[in-house]
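A.B. asks: Please read through the structure below; I'll follow up with questions.
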Amino acid sequence: MDGNSSDVVTKTYNIGSIQGFWVYFKPPTSWTVTPRVYWWNVQPSDAMPTASWPGEQMLVHDSQWYKYHFDGVSSTNLIFNDGNPNGVVDVTQTPDITGITEEIWYEWGVGILDVNTPEINLNTKIYPNPADSFIRVEADVPFSLYKIFDAQGRLVLKGEIKNQNIDVSRLSNGKFILELQDKDQHKKTIRFIK
């Protein structure tokens with residue numbers, strides 16, 4: 001060898017198929033158009049080309065949310081926008097949302113509702129379930145904060161856990177996702193009904 005070459009070869013292999021993921025967006029009520037999603041830096045790079053600005057129109061998910069599926073994609077960056085060719089952050093488009101590797105729910109003015117934070121695997125119980133006016137949390141480690149999302153992924157309640165209890169009396173009846181967080185910012189998610 002002359003010092004300018006190497007016998008080391010690097011290869012990337014994808015084992016199995018990549019399913020992709022959905023992204024969801026709730027635009028501000030002032031928008032009168034169907035939102036668009038612009039993406040770049042898709043991995044694997046041959047899964048789909050970078051979108052042309054302002055991106056693709058999203059599909060209706062329900063009366064407030066829109067969705068888009070990234071088929072065969074393991075990672076991407078994206079921006080939700082109103083289709084304005086001269087987008088302005090926090091006016092007609094979101095900031096750059098980078099490193100997306102799984103489903104996200106993004107609400108205008110709030111941000112990502114469920115961050116890709118690894119969950120801790122703890123023995124955690126909540127009761128009663130179905131709940132009435134409160135939920136009691138029993139866990140191996142003390143949780144200090146909570147967030148409650150409705151079935152559409154909207155944040156409906158958040159606060160501090162007091163004496164292992166969470167007041168849910170203000171919630172309407174339905175299905176919810178409870179996200180618990182400890183002092184080290186580890187999270188645990190549990191579904192419940194009220």
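Following the order of the structure tokens, chains are lettered A, B, ..., residues in each are numbered from 1, and ligands are numbered from 1.
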So which residues touch range 129-144 of chain A within 10 Å, counting only C-alpha atoms, skipping near sequence neighbours fewer than 3 positions away, as a PyMOL selection string?

C.D. replies: chain A and resi 121-126+159-175+179-188+191-194

A.B. asks: Just want the 12 Å neighbourhood of Asp90 in chain A, counted on only C-alpha atoms, with same-chain residues fewer than 2 positions away dropped. Output as a list of chain:residue names.

C.D. replies: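 The neighbour list is A:Pro27, A:Pro28, A:Ile79, A:Phe80, A:Asn81, A:Asp82, A:Gly87, A:Val88, A:Thr92, A:Gln93, A:Thr94, A:Pro95, A:Asp96, A:Glu107, A:Trp108, A:Gly109, A:Val110, A:Gly111.
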
A.B. asks: Report as a ChimeraX atom specification all protein, DNA and RNA residues lying within 7 Å of range 53-58 of chain A, evaluated on only C-alpha atoms, omitting residues in the same chain fewer than 2 positions from it.

C.D. replies: /A:34-38,51,60,66-68,83-85

A.B. asks: I need the strand (DSSP E) residues of range 42-160 of chain A per DSSP on the backbone, written as a ChimeraX atom specification.

C.D. replies: /A:42-43,56-57,59-60,66-71,75-81,97-100,104-107,111-112,124-127,134-139,143-150,155-160

A.B. asks: Hey, which of A:Tyr24, A:Phe149, A:Pro128, A:Ser74 ends up closest to His61 in chain A? Count only C-alpha atoms.

C.D. replies: A:Tyr24

A.B. asks: Kindly give the distance, in Å, that separates CA of Ile100 in chain A and CA of Asn77 in chain A, rounded to a single decimal.

C.D. replies: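 CA of Ile100 in chain A sits 6.1 Å away from CA of Asn77 in chain A.
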